[in-house]
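Below is one structure, written out as C-alpha cells, with a few remarks after it.
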Amino acid sequence: MLGTQFTTGSPCWIDLGSPDTGAAAAFYGAVFGWEFRSAGPDTGGYGFFEQDGRTVAAVGPLTEEGADSAWTVYFQTPDAEATQHAAEAAGGTVRVAALDVMDAGRMAALTDPGGARFAVWQPGATKGLERTSSTNTLVWAELHVADPEAALGFYRTLFGWRWAAMEAPGMRYRVLSTAEGDQEDASFGGVAEFLDAGDVPRWIPYFDVEDADAVAASAQGDGGSVLMPAADVPDVGRIAWLADPFGAPFAVLKPAPMG
C-alpha cells in the first residue's frame, strides 16, 4: 500500500500541469474537497493541494513547449542526476535536466522508452506528499504502455522495482512494488498493456474515494468528463476514469473491502 515513508522508487509526489491553475484548483476543490495554497511569489504560480493542512498533490502552470494538461507522478531517488543518466542509457529521454527546487529537493523530468512521462524527486526539505491511501488522496499509480515487459525492464534499471503478474479481465496486469520490504506491503501501482488503438502511453494517478459513481457525477457537473464510467473490478474495487476541464486524465477507486 502506498504510504508516506518513501524509499527509492516510491511514488512520492504528484503535480498537475494546467493552463489555468485557478480553475483547476476550483475543480479539484469541488470534486475532492482539496484546498489550494500558493507556494509563494517566487514559484511561478505553483501551489499545493491540501487536506486538513496536509499536502496531497500540487499544481502549476504548463511549462513545457506544446505540453497538454496532465498529472505527473514523481518517484523518489537518492540522486536525480544519476537516475537521469541511467534513464538516458536505458533508452529514455530527458525533458528537464536535474535541477534544484530551492531547498525543497532536486528533480528531473523524464520520458520512458515507451513514451510515458514521469519525474524523479531527490528529497531535500520536502520529503514528499504528507497524506496518501486515505479518502480523496493518492492510492495507486498505473502505467499504460504498449510493451509492458520492456517498460518493466527500464524501470527496474532505474529503481529496482519488483512485480507480480495478476490476471485481470481481458488482460495480464503487473503489480509493482519497490525494491525494499515485503513485496505485497511495498506495492504501489501497476502496469497495464494497451487495450485499444486509441490508448496512449502515460502514468495515471488513482485517488481513493468513498463513492466512485458520485465522484464521477461531481466531476462531470463541475466541467470535467467521464472517460470510463464506474465499473467493478473483482478483488480491486469500483473504478472510474475521469478528466478535468482541461483534459488531464485521472482515475478514482473505491477499494474493495479487505479480507
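Chain identifiers are assigned as A, B, and so on, following the order in which chains appear in the C-alpha cells; residues are numbered from 1 within each chain, and ligands are numbered from 1 in order of appearance.
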List every residue of region 6-250 of chain A that DSSP, applied to the backbone, labels as strand (DSSP E), and write the result as a PyMOL selection string. chain A and resi 11-18+35-38+47-51+54-61+70-76+93-101+105-111+117-123+138-145+162-168+171-177+187-193+202-208+225-233+237-243+249-250
Excluding Ala87 (chain A) and residues on its chain fewer than 5 positions from it, collect all residues at most 12 Å away from it, counting only C-alpha atoms, and give them as a list in words.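 Residues near the query, excluding close chain neighbours: Ala80, Glu81, Ala82, Gly92, Thr93, Val94, Arg95, Ala97, Ala108, Ala109, Leu110, Thr111, Asp112, Pro113, Arg117, Phe118, Ala119, Val120, Ala151, Gly153, Phe154, Tyr155, Arg156, Thr157, Leu158 and Phe159 of chain A.
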Go ahead and write the selection's residues with C-alpha atoms as an mmCIF file, in the first residue's frame.
```cif
data_model
loop_
_atom_site.group_PDB
_atom_site.id
_atom_site.type_symbol
_atom_site.label_atom_id
_atom_site.label_comp_id
_atom_site.auth_asym_id
_atom_site.auth_seq_id
_atom_site.Cartn_x
_atom_site.Cartn_y
_atom_site.Cartn_z
ATOM 1 C CA ALA A 80 18.315 12.758 -9.524
ATOM 2 C CA GLU A 81 21.300 13.262 -11.812
ATOM 3 C CA ALA A 82 22.364 9.621 -11.636
ATOM 4 C CA GLY A 92 14.627 7.101 -22.071
ATOM 5 C CA THR A 93 14.754 10.807 -22.794
ATOM 6 C CA VAL A 94 15.319 13.861 -20.603
ATOM 7 C CA ARG A 95 12.713 16.622 -20.824
ATOM 8 C CA ALA A 97 17.581 18.012 -16.692
ATOM 9 C CA ALA A 108 14.345 15.769 -13.268
ATOM 10 C CA ALA A 109 11.539 15.248 -15.798
ATOM 11 C CA LEU A 110 11.943 12.161 -17.978
ATOM 12 C CA THR A 111 10.131 10.082 -20.591
ATOM 13 C CA ASP A 112 10.415 6.304 -20.663
ATOM 14 C CA PRO A 113 11.241 4.438 -23.915
ATOM 15 C CA ARG A 117 6.220 10.888 -18.972
ATOM 16 C CA PHE A 118 7.301 10.827 -15.336
ATOM 17 C CA ALA A 119 9.644 12.667 -12.972
ATOM 18 C CA VAL A 120 12.098 11.841 -10.202
ATOM 19 C CA ALA A 151 8.806 -0.889 -19.583
ATOM 20 C CA GLY A 153 12.974 -3.679 -17.611
ATOM 21 C CA PHE A 154 13.546 0.066 -17.942
ATOM 22 C CA TYR A 155 12.123 0.939 -14.542
ATOM 23 C CA ARG A 156 13.885 -1.952 -12.829
ATOM 24 C CA THR A 157 17.174 -0.486 -14.100
ATOM 25 C CA LEU A 158 16.269 2.852 -12.514
ATOM 26 C CA PHE A 159 14.610 1.811 -9.265
#
```
Contacts of Trp13 (chain A) at 8 Å or less, counting only C-alpha atoms, minus same-chain residues fewer than 6 places along, as an NGL selection string? :A and (57 or 73-75 or 121 or 128-129)
Would you save the residues from that selection as a short mmCIF file (atom, residue, chain, number, x, y, z; two decimals), in the first residue's frame, using all heavy atoms?
```cif
data_model
loop_
_atom_site.label_atom_id
_atom_site.label_comp_id
_atom_site.auth_asym_id
_atom_site.auth_seq_id
_atom_site.Cartn_x
_atom_site.Cartn_y
_atom_site.Cartn_z
N ALA A 57 -1.24 16.79 -3.09
CA ALA A 57 -0.90 16.93 -4.52
C ALA A 57 -0.43 18.36 -4.72
O ALA A 57 -0.36 19.15 -3.77
CB ALA A 57 -2.10 16.61 -5.40
N VAL A 73 3.60 11.90 -12.18
CA VAL A 73 3.97 11.12 -11.00
C VAL A 73 5.49 11.22 -10.83
O VAL A 73 6.24 11.01 -11.78
CB VAL A 73 3.54 9.65 -11.14
CG1 VAL A 73 3.93 8.85 -9.90
CG2 VAL A 73 2.04 9.54 -11.39
N TYR A 74 5.92 11.52 -9.61
CA TYR A 74 7.34 11.61 -9.27
C TYR A 74 7.72 10.39 -8.44
O TYR A 74 6.99 10.00 -7.51
CB TYR A 74 7.63 12.84 -8.42
CG TYR A 74 7.50 14.18 -9.11
CD1 TYR A 74 6.26 14.64 -9.57
CD2 TYR A 74 8.61 15.00 -9.28
CE1 TYR A 74 6.14 15.89 -10.18
CE2 TYR A 74 8.50 16.24 -9.89
CZ TYR A 74 7.26 16.67 -10.34
OH TYR A 74 7.14 17.91 -10.95
N PHE A 75 8.89 9.82 -8.72
CA PHE A 75 9.40 8.68 -7.97
C PHE A 75 10.68 9.10 -7.23
O PHE A 75 11.52 9.81 -7.78
CB PHE A 75 9.68 7.51 -8.91
CG PHE A 75 8.45 7.06 -9.65
CD1 PHE A 75 8.22 7.47 -10.96
CD2 PHE A 75 7.51 6.26 -9.03
CE1 PHE A 75 7.07 7.07 -11.63
CE2 PHE A 75 6.35 5.86 -9.70
CZ PHE A 75 6.13 6.27 -11.00
N TRP A 121 12.35 12.59 -7.94
CA TRP A 121 12.49 13.57 -6.86
C TRP A 121 13.56 13.09 -5.88
O TRP A 121 13.47 11.99 -5.33
CB TRP A 121 11.17 13.75 -6.12
CG TRP A 121 11.22 14.75 -5.01
CD1 TRP A 121 11.17 14.51 -3.67
CD2 TRP A 121 11.32 16.17 -5.16
NE1 TRP A 121 11.24 15.68 -2.96
CE2 TRP A 121 11.34 16.72 -3.86
CE3 TRP A 121 11.41 17.02 -6.26
CZ2 TRP A 121 11.44 18.09 -3.63
CZ3 TRP A 121 11.51 18.38 -6.05
CH2 TRP A 121 11.51 18.91 -4.74
N GLY A 128 8.05 14.61 0.47
CA GLY A 128 7.03 14.11 -0.45
C GLY A 128 5.65 14.46 0.05
O GLY A 128 5.48 15.35 0.89
N LEU A 129 4.65 13.78 -0.48
CA LEU A 129 3.27 14.01 -0.06
C LEU A 129 3.12 13.68 1.42
O LEU A 129 3.80 12.79 1.95
CB LEU A 129 2.32 13.13 -0.87
CG LEU A 129 2.33 13.35 -2.39
CD1 LEU A 129 1.41 12.34 -3.07
CD2 LEU A 129 1.93 14.78 -2.75
#
```
Which parts of region 29-255 of chain A does DSSP call helix (DSSP H, G or I) when run on the backbone here, written out as an NGL selection string? :A and (29-32 or 80-89 or 148-159 or 212-221)
Write the residues of the preceding selection, restricted to C-alpha atoms, as a compact mmCIF listing (two decimals), in the first residue's frame.
```
# COMPACT_ATOMS: atom_id res chain seq x y z
CA GLY A 29 -11.71 21.55 -4.63
CA ALA A 30 -15.26 20.76 -5.70
CA VAL A 31 -14.54 17.10 -6.53
CA PHE A 32 -12.18 16.13 -3.69
CA ALA A 80 18.31 12.76 -9.52
CA GLU A 81 21.30 13.26 -11.81
CA ALA A 82 22.36 9.62 -11.64
CA THR A 83 18.80 8.46 -12.35
CA GLN A 84 18.62 10.87 -15.29
CA HIS A 85 21.80 9.40 -16.77
CA ALA A 86 20.58 5.84 -16.15
CA ALA A 87 17.30 6.66 -17.90
CA GLU A 88 19.15 8.01 -20.95
CA ALA A 89 21.42 4.97 -21.07
CA PRO A 148 4.87 -3.87 -20.51
CA GLU A 149 7.90 -6.15 -20.44
CA ALA A 150 10.17 -3.50 -21.98
CA ALA A 151 8.81 -0.89 -19.58
CA LEU A 152 9.38 -3.14 -16.58
CA GLY A 153 12.97 -3.68 -17.61
CA PHE A 154 13.55 0.07 -17.94
CA TYR A 155 12.12 0.94 -14.54
CA ARG A 156 13.88 -1.95 -12.83
CA THR A 157 17.17 -0.49 -14.10
CA LEU A 158 16.27 2.85 -12.51
CA PHE A 159 14.61 1.81 -9.26
CA ALA A 212 -16.77 6.33 -7.43
CA ASP A 213 -20.16 6.96 -9.06
CA ALA A 214 -20.80 10.10 -7.02
CA VAL A 215 -17.32 11.48 -7.74
CA ALA A 216 -17.77 10.80 -11.47
CA ALA A 217 -21.08 12.68 -11.40
CA SER A 218 -19.48 15.54 -9.47
CA ALA A 219 -16.58 15.75 -11.93
CA GLN A 220 -18.99 15.92 -14.85
CA GLY A 221 -21.12 18.52 -13.12
```
Kindly indicate which residue among A:Tyr28, A:Gly247, A:Ala256, A:Asp199 lies nearest to Asp222 (chain A), using only C-alpha atoms for the distances.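 When distances to Asp222 (chain A) are compared using only C-alpha atoms, the smallest one comes from A:Tyr28.
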Write out as JSON, numbers by chain each polymer residue whose atoms come within 8 Å of region 45-52 of chain A, counting only C-alpha atoms; drop sequence neighbours fewer than 5 positions from it. {"A": [21, 25, 33, 34, 35, 36, 37, 38, 39, 40, 57, 58, 59, 60, 61]}
Near-region 204-209 of chain A list (9 Å; only C-alpha atoms; drop same-chain fewer than 6 positions) as a VMD selection string: chain A and resid 14 32 71 to 73 132 to 144 215 239 241 249 to 255
